[in-house]
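Text of data-v1.txt, listed as compact mmCIF, C-alpha atoms:
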# COMPACT_ATOMS: atom_id res chain seq x y z
CA MET A 14 14.79 21.69 17.08
CA LYS A 15 18.07 23.48 16.32
CA ASN A 16 18.50 25.07 12.92
CA VAL A 17 20.98 23.11 10.83
CA THR A 18 22.90 24.77 8.03
CA TYR A 19 23.90 22.58 5.10
CA SER A 20 26.42 23.27 2.39
CA LYS A 21 25.06 23.92 -1.10
CA GLU A 22 26.26 20.54 -2.33
CA HIS A 23 24.64 18.71 0.59
CA ALA A 24 21.42 20.69 0.17
CA ARG A 25 21.31 19.73 -3.53
CA PHE A 26 21.93 16.10 -2.57
CA LEU A 27 19.05 16.15 -0.08
CA LYS A 28 16.79 17.79 -2.64
CA ARG A 29 17.61 15.17 -5.27
CA ARG A 30 17.02 12.44 -2.70
CA LYS A 31 13.58 13.83 -1.83
CA GLN A 32 12.72 14.18 -5.52
CA HIS A 33 13.78 10.59 -6.16
CA LEU A 34 11.68 9.35 -3.23
CA ALA A 35 8.69 11.33 -4.49
CA LEU A 36 9.19 9.88 -7.97
CA VAL A 37 9.28 6.35 -6.57
CA TRP A 38 6.01 6.89 -4.69
CA VAL A 39 4.34 8.48 -7.74
CA CYS A 40 5.40 5.50 -9.86
CA ARG A 41 4.14 3.04 -7.24
CA ILE A 42 0.74 4.70 -6.98
CA GLY A 43 0.58 5.18 -10.74
CA LEU A 44 1.37 1.51 -11.40
CA LEU A 45 -1.30 0.42 -8.92
CA GLY A 46 -3.83 2.76 -10.50
CA LEU A 47 -2.92 1.50 -13.98
CA LEU A 48 -3.33 -2.15 -12.97
CA LEU A 49 -6.68 -1.49 -11.28
CA GLY A 50 -7.86 0.57 -14.27
CA MET A 51 -6.92 -2.17 -16.73
CA TRP A 52 -8.59 -4.77 -14.53
CA GLU A 53 -11.80 -2.73 -14.43
CA LEU A 54 -11.63 -2.09 -18.17
CA VAL A 55 -11.21 -5.71 -19.28
CA THR A 56 -14.12 -6.84 -17.09
CA ALA A 57 -16.37 -3.91 -18.04
CA CYS A 58 -15.78 -4.56 -21.75
CA GLY A 59 -16.52 -8.26 -21.31
CA TRP A 60 -13.07 -9.40 -22.40
CA VAL A 61 -12.89 -11.39 -19.16
CA ASP A 62 -15.90 -12.75 -17.30
CA PRO A 63 -16.27 -10.61 -14.13
CA PHE A 64 -17.83 -13.61 -12.38
CA ILE A 65 -14.46 -15.36 -12.60
CA MET A 66 -12.10 -12.40 -12.17
CA SER A 67 -14.32 -9.97 -10.25
CA SER A 68 -13.35 -6.28 -10.65
CA PRO A 69 -12.29 -3.34 -8.48
CA SER A 70 -15.81 -1.90 -8.51
CA ARG A 71 -17.36 -5.22 -7.50
CA ILE A 72 -14.77 -5.64 -4.74
CA ALA A 73 -15.56 -2.16 -3.44
CA ALA A 74 -19.28 -2.96 -3.49
CA THR A 75 -18.71 -6.23 -1.63
CA ILE A 76 -16.61 -4.53 1.04
CA ALA A 77 -19.29 -1.87 1.39
CA SER A 78 -21.96 -4.54 1.87
CA LEU A 79 -19.84 -6.28 4.53
CA TYR A 80 -19.46 -2.94 6.28
CA ALA A 81 -23.19 -2.27 6.03
CA ASP A 82 -24.18 -5.57 7.68
CA GLY A 83 -21.61 -5.06 10.44
CA SER A 84 -19.48 -8.13 9.68
CA LEU A 85 -16.48 -6.45 8.04
CA PHE A 86 -14.59 -5.34 11.14
CA TYR A 87 -15.66 -8.47 13.02
CA HIS A 88 -13.94 -10.74 10.51
CA ILE A 89 -10.94 -8.40 10.26
CA GLY A 90 -10.64 -8.31 14.05
CA VAL A 91 -10.73 -12.10 14.38
CA THR A 92 -8.00 -12.66 11.79
CA LEU A 93 -5.91 -9.74 13.01
CA TRP A 94 -5.98 -10.97 16.61
CA GLU A 95 -5.04 -14.51 15.60
CA THR A 96 -2.21 -13.25 13.39
CA LEU A 97 -0.76 -10.80 15.92
CA ALA A 98 -0.97 -13.32 18.78
CA GLY A 99 0.73 -16.05 16.74
CA PHE A 100 3.31 -13.59 15.43
CA ALA A 101 4.22 -12.32 18.92
CA ILE A 102 4.44 -15.81 20.44
CA ALA A 103 6.53 -17.15 17.54
CA VAL A 104 8.96 -14.22 17.68
CA VAL A 105 9.43 -14.30 21.46
CA LEU A 106 9.77 -18.09 21.69
CA GLY A 107 12.00 -18.23 18.61
CA PHE A 108 14.31 -15.59 20.04
CA ALA A 109 14.45 -17.37 23.41
CA VAL A 110 15.15 -20.79 21.89
CA ALA A 111 17.86 -19.32 19.64
CA LEU A 112 19.52 -17.78 22.70
CA LEU A 113 19.40 -21.14 24.48
CA LEU A 114 20.94 -22.94 21.50
CA TRP A 115 23.67 -20.31 21.24
CA TRP A 116 24.42 -20.65 24.93
CA SER A 117 24.81 -24.44 24.79
CA GLU A 118 26.73 -25.80 21.82
CA THR A 119 25.96 -29.38 22.89
CA LEU A 120 22.22 -28.69 22.95
CA ARG A 121 22.48 -26.99 19.56
CA LYS A 122 24.19 -30.00 17.99
CA VAL A 123 21.55 -32.33 19.47
CA LEU A 124 18.51 -30.32 18.40
CA GLU A 125 19.66 -28.82 15.09
CA PRO A 126 18.63 -31.83 12.91
CA TYR A 127 15.17 -31.86 14.48
CA ILE A 128 14.74 -28.14 13.85
CA VAL A 129 15.69 -28.58 10.20
CA VAL A 130 13.21 -31.45 9.83
CA LEU A 131 10.43 -29.45 11.48
CA ASN A 132 11.16 -26.56 9.14
CA ALA A 133 10.78 -28.84 6.11
CA LEU A 134 7.61 -30.47 7.42
CA PRO A 135 4.42 -29.30 5.63
CA LYS A 136 2.52 -27.73 8.54
CA ILE A 137 -0.82 -28.32 6.85
CA ALA A 138 -0.29 -32.05 7.41
CA LEU A 139 -0.66 -31.45 11.14
CA GLY A 140 -4.09 -29.89 10.68
CA PRO A 141 -6.13 -32.89 11.91
CA LEU A 142 -3.91 -33.27 14.96
CA ILE A 143 -4.18 -29.56 15.77
CA ILE A 144 -7.98 -29.80 15.67
CA ILE A 145 -7.88 -32.76 18.06
CA TRP A 146 -5.43 -31.01 20.39
CA PHE A 147 -6.94 -27.52 20.47
CA GLY A 148 -10.49 -27.93 19.17
CA THR A 149 -12.14 -25.75 16.54
CA GLY A 150 -11.59 -22.34 18.13
CA SER A 151 -9.05 -19.58 17.70
CA GLU A 152 -6.51 -21.48 19.80
CA ALA A 153 -5.94 -23.94 16.96
CA ILE A 154 -5.39 -21.11 14.47
CA VAL A 155 -2.97 -19.30 16.78
CA PHE A 156 -1.04 -22.54 17.30
CA MET A 157 -0.81 -23.04 13.53
CA THR A 158 0.51 -19.48 13.17
CA VAL A 159 3.12 -20.12 15.85
CA LEU A 160 4.09 -23.42 14.26
CA VAL A 161 4.67 -21.77 10.89
CA GLY A 162 6.71 -18.87 12.26
CA ILE A 163 8.73 -20.17 15.18
CA ILE A 164 11.19 -22.32 13.21
CA VAL A 165 11.93 -19.41 10.89
CA ALA A 166 12.57 -17.17 13.90
CA ILE A 167 14.87 -19.73 15.51
CA LEU A 168 16.94 -20.30 12.38
CA HIS A 169 17.28 -16.58 11.59
CA MET A 170 18.32 -15.59 15.09
CA LEU A 171 20.58 -18.59 15.71
CA SER A 172 22.43 -17.85 12.47
CA ALA A 173 22.88 -14.22 13.58
CA PHE A 174 24.08 -15.18 17.07
CA ILE A 175 26.58 -17.73 15.76
CA GLY A 176 27.76 -15.28 13.10
CA THR A 177 28.88 -12.67 15.64
CA ASP A 178 32.40 -11.45 14.84
CA PRO A 179 34.69 -14.03 16.53
CA ASN A 180 37.47 -11.46 16.91
CA LYS A 181 35.22 -9.24 19.00
CA VAL A 182 34.15 -12.24 21.09
CA LEU A 183 37.80 -13.18 21.62
CA LEU A 184 38.64 -9.59 22.60
CA MET A 185 35.89 -9.51 25.22
CA ARG A 186 37.00 -12.88 26.60
CA SER A 187 40.59 -11.66 26.85
CA MET A 188 39.32 -8.70 28.89
CA GLY A 189 37.63 -11.08 31.34
CA ALA A 190 34.04 -10.73 30.14
CA SER A 191 31.64 -13.50 31.15
CA LYS A 192 29.45 -15.33 28.67
CA LEU A 193 26.42 -13.36 29.86
CA GLN A 194 28.26 -10.07 29.35
CA ILE A 195 29.29 -11.15 25.85
CA LEU A 196 25.67 -12.01 25.12
CA CYS A 197 24.24 -8.72 26.43
CA LYS A 198 27.00 -6.37 25.26
CA LEU A 199 27.93 -7.88 21.90
CA VAL A 200 25.84 -10.74 20.56
CA ILE A 201 22.35 -9.27 21.00
CA PRO A 202 23.22 -5.68 19.93
CA SER A 203 25.06 -6.93 16.83
CA SER A 204 22.01 -9.02 15.86
CA TYR A 205 19.63 -6.05 15.47
CA PRO A 206 19.69 -6.25 11.63
CA ALA A 207 18.91 -9.97 11.85
CA VAL A 208 16.03 -9.25 14.23
CA ILE A 209 14.51 -6.83 11.73
CA SER A 210 15.05 -9.30 8.89
CA MET A 211 13.41 -12.04 10.96
CA LEU A 212 10.43 -9.79 11.77
CA LYS A 213 9.96 -8.92 8.08
CA VAL A 214 9.98 -12.59 7.10
CA ASN A 215 7.71 -13.57 9.98
CA VAL A 216 5.10 -10.97 9.01
CA GLY A 217 4.39 -13.00 5.90
CA MET A 218 4.69 -16.31 7.76
CA ALA A 219 2.20 -15.13 10.39
CA TRP A 220 -0.43 -14.31 7.78
CA ILE A 221 0.21 -17.60 6.01
CA GLY A 222 -0.20 -19.49 9.28
CA SER A 223 -3.40 -17.73 10.36
CA ILE A 224 -5.09 -18.06 6.97
CA MET A 225 -3.93 -21.68 6.72
CA GLY A 226 -5.46 -22.30 10.13
CA GLU A 227 -8.71 -20.62 9.11
CA TYR A 228 -8.81 -22.80 6.01
CA ILE A 229 -8.68 -25.88 8.23
CA VAL A 230 -10.98 -24.78 11.03
CA SER A 231 -12.74 -21.46 11.51
CA ARG A 232 -16.12 -19.92 12.06
CA ALA A 233 -15.05 -16.35 11.39
CA GLY A 234 -12.18 -14.38 9.88
CA LEU A 235 -10.94 -13.44 6.44
CA GLY A 236 -9.80 -17.00 5.72
CA TYR A 237 -13.31 -18.17 6.57
CA LEU A 238 -14.74 -15.65 4.08
CA ILE A 239 -12.37 -16.92 1.38
CA VAL A 240 -13.33 -20.55 2.01
CA TYR A 241 -17.04 -19.75 2.21
CA GLY A 242 -16.91 -17.57 -0.91
CA GLY A 243 -15.19 -20.35 -2.85
CA GLN A 244 -17.72 -22.94 -1.71
CA VAL A 245 -20.76 -20.90 -2.80
CA PHE A 246 -18.99 -19.39 -5.86
CA LYS A 247 -19.08 -15.84 -4.51
CA LEU A 248 -15.76 -14.91 -6.05
CA ASP A 249 -16.31 -11.22 -5.31
CA LEU A 250 -16.20 -12.17 -1.63
CA VAL A 251 -13.02 -14.18 -2.16
CA MET A 252 -11.30 -11.30 -3.94
CA SER A 253 -12.52 -8.76 -1.37
CA ALA A 254 -11.14 -10.79 1.55
CA THR A 255 -7.87 -11.26 -0.33
CA PHE A 256 -7.64 -7.52 -0.99
CA ILE A 257 -8.18 -6.75 2.70
CA LEU A 258 -5.50 -9.30 3.60
CA CYS A 259 -3.06 -7.50 1.32
CA LEU A 260 -3.79 -4.18 3.03
CA LEU A 261 -3.37 -5.64 6.52
CA ALA A 262 -0.14 -7.43 5.63
CA ALA A 263 1.24 -4.24 4.06
CA GLY A 264 0.33 -2.26 7.17
CA MET A 265 1.99 -4.79 9.47
CA TYR A 266 5.12 -4.77 7.30
CA ALA A 267 5.15 -0.96 7.40
CA LEU A 268 5.17 -1.08 11.22
CA VAL A 269 8.24 -3.33 11.12
CA VAL A 270 9.96 -0.90 8.74
CA LEU A 271 9.11 1.94 11.15
CA LEU A 272 10.64 -0.07 14.00
CA GLU A 273 13.76 -0.55 11.88
CA LYS A 274 14.09 3.20 11.37
CA ILE A 275 13.69 3.83 15.11
CA LEU A 276 16.37 1.25 15.96
CA VAL A 277 18.75 2.64 13.36
CA LYS A 278 18.21 6.19 14.62
CA ASN A 279 18.84 5.15 18.24
CA THR A 280 21.91 3.13 17.26
CA ASP A 281 23.44 6.05 15.36
CA ARG A 282 23.21 8.33 18.40

Can you give me the file's structure in the form of structure tokens?
Amino acid sequence: MKNVTYSKEHARFLKRRKQHLALVWVCRIGLLGLLLGMWELVTACGWVDPFIMSSPSRIAATIASLYADGSLFYHIGVTLWETLAGFAIAVVLGFAVALLLWWSETLRKVLEPYIVVLNALPKIALGPLIIIWFGTGSEAIVFMTVLVGIIVAILHMLSAFIGTDPNKVLLMRSMGASKLQILCKLVIPSSYPAVISMLKVNVGMAWIGSIMGEYIVSRAGLGYLIVYGGQVFKLDLVMSATFILCLLAAGMYALVVLLEKILVKNTDR
């Protein structure tokens, strides 16, 4: 890489920015450590029944036991595959449907009320039908994940496509650009921020859909562990599975943030 020389003012600005970022991370980790420490303290002192609230040490012991019997990564793998598959299908289909609705204003006006109704429909109500349609395997859970996320993807992307600067669209039309050229050269590139926003929202929706599906029908996965732990009153298992879900969701969100940084860097070039 080439050596870059900064002015003193800019160097001080960069230093303050790095110090602020370091302070934010220290505060984040410190707050997490404080919350976990208080949680451990109140259960260890008997102020709260650890059978009801569990504790960080009991969660760690439960995760260690799951790892020891070889079931930890099996359950993580099942839920992760279902979530990623549903997430990918929902994003791709949602993007494609939004493009189709943008392309045809008549089709958009016909289907828009149905999309709004589907978005408001409690997806859990379709659980019995999903079991009948897809059985009791992972297919039903993936379909539930897609069902939860696809409407969100469509609405986010359609709003971004329609919200493209009309002056720029008019300029391209006056220069003889076709509708396909306007789509490829203007509409899609200008919707990159909306794509990232949609991905961030759909990360959470994907986990909601997969765990919701595992609540309804599953023989493995983190949702299965939560349901099973609640049925047999193993609340340490419930809290352990929930903790792992938080870690996985945070990791998936971090990947989306990394993608955002890559897109921004490439756009700025």

Legend entry - Atom-to-atom span, atom CA of A:Phe256 and atom CA of A:Gly243, Å: 15.0 Å

Inset, instruction - For A:Asp178, list every protein, DNA or RNA residue within 9 Å, evaluated using all atoms listed in the file, and leave out those in the same chain fewer than 3 positions away; present the list as a list in words. - result: Ile175, Lys181, Val182, Leu183, Val200 and Ser203 of chain A

Residues as selected, C-alpha atoms, written as a PDB file, in the frame of the given file, can you do that?
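Writing done, so here's part.pdb:
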ATOM      1  CA  ILE A 175      26.580 -17.730  15.760  1.00  0.00           C
ATOM      2  CA  LYS A 181      35.220  -9.240  19.000  1.00  0.00           C
ATOM      3  CA  VAL A 182      34.150 -12.240  21.090  1.00  0.00           C
ATOM      4  CA  LEU A 183      37.800 -13.180  21.620  1.00  0.00           C
ATOM      5  CA  VAL A 200      25.840 -10.740  20.560  1.00  0.00           C
ATOM      6  CA  SER A 203      25.060  -6.930  16.830  1.00  0.00           C
TER       7      SER A 203
END

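Pairwise distance (atom CA of A:Leu114, atom CA of A:Val129) equals 13.7 Å.
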
Legend entry - Separation of atom CA of A:Ile239 from atom CA of A:Thr92 in Å: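 Atom CA of A:Thr92 sits 12.1 Å away from atom CA of A:Ile239.
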
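Nearest to A:Val214 of all the residues A:Ala233, A:Leu248, A:Met170, A:Ile89 is A:Met170, counting all atoms listed in the file.
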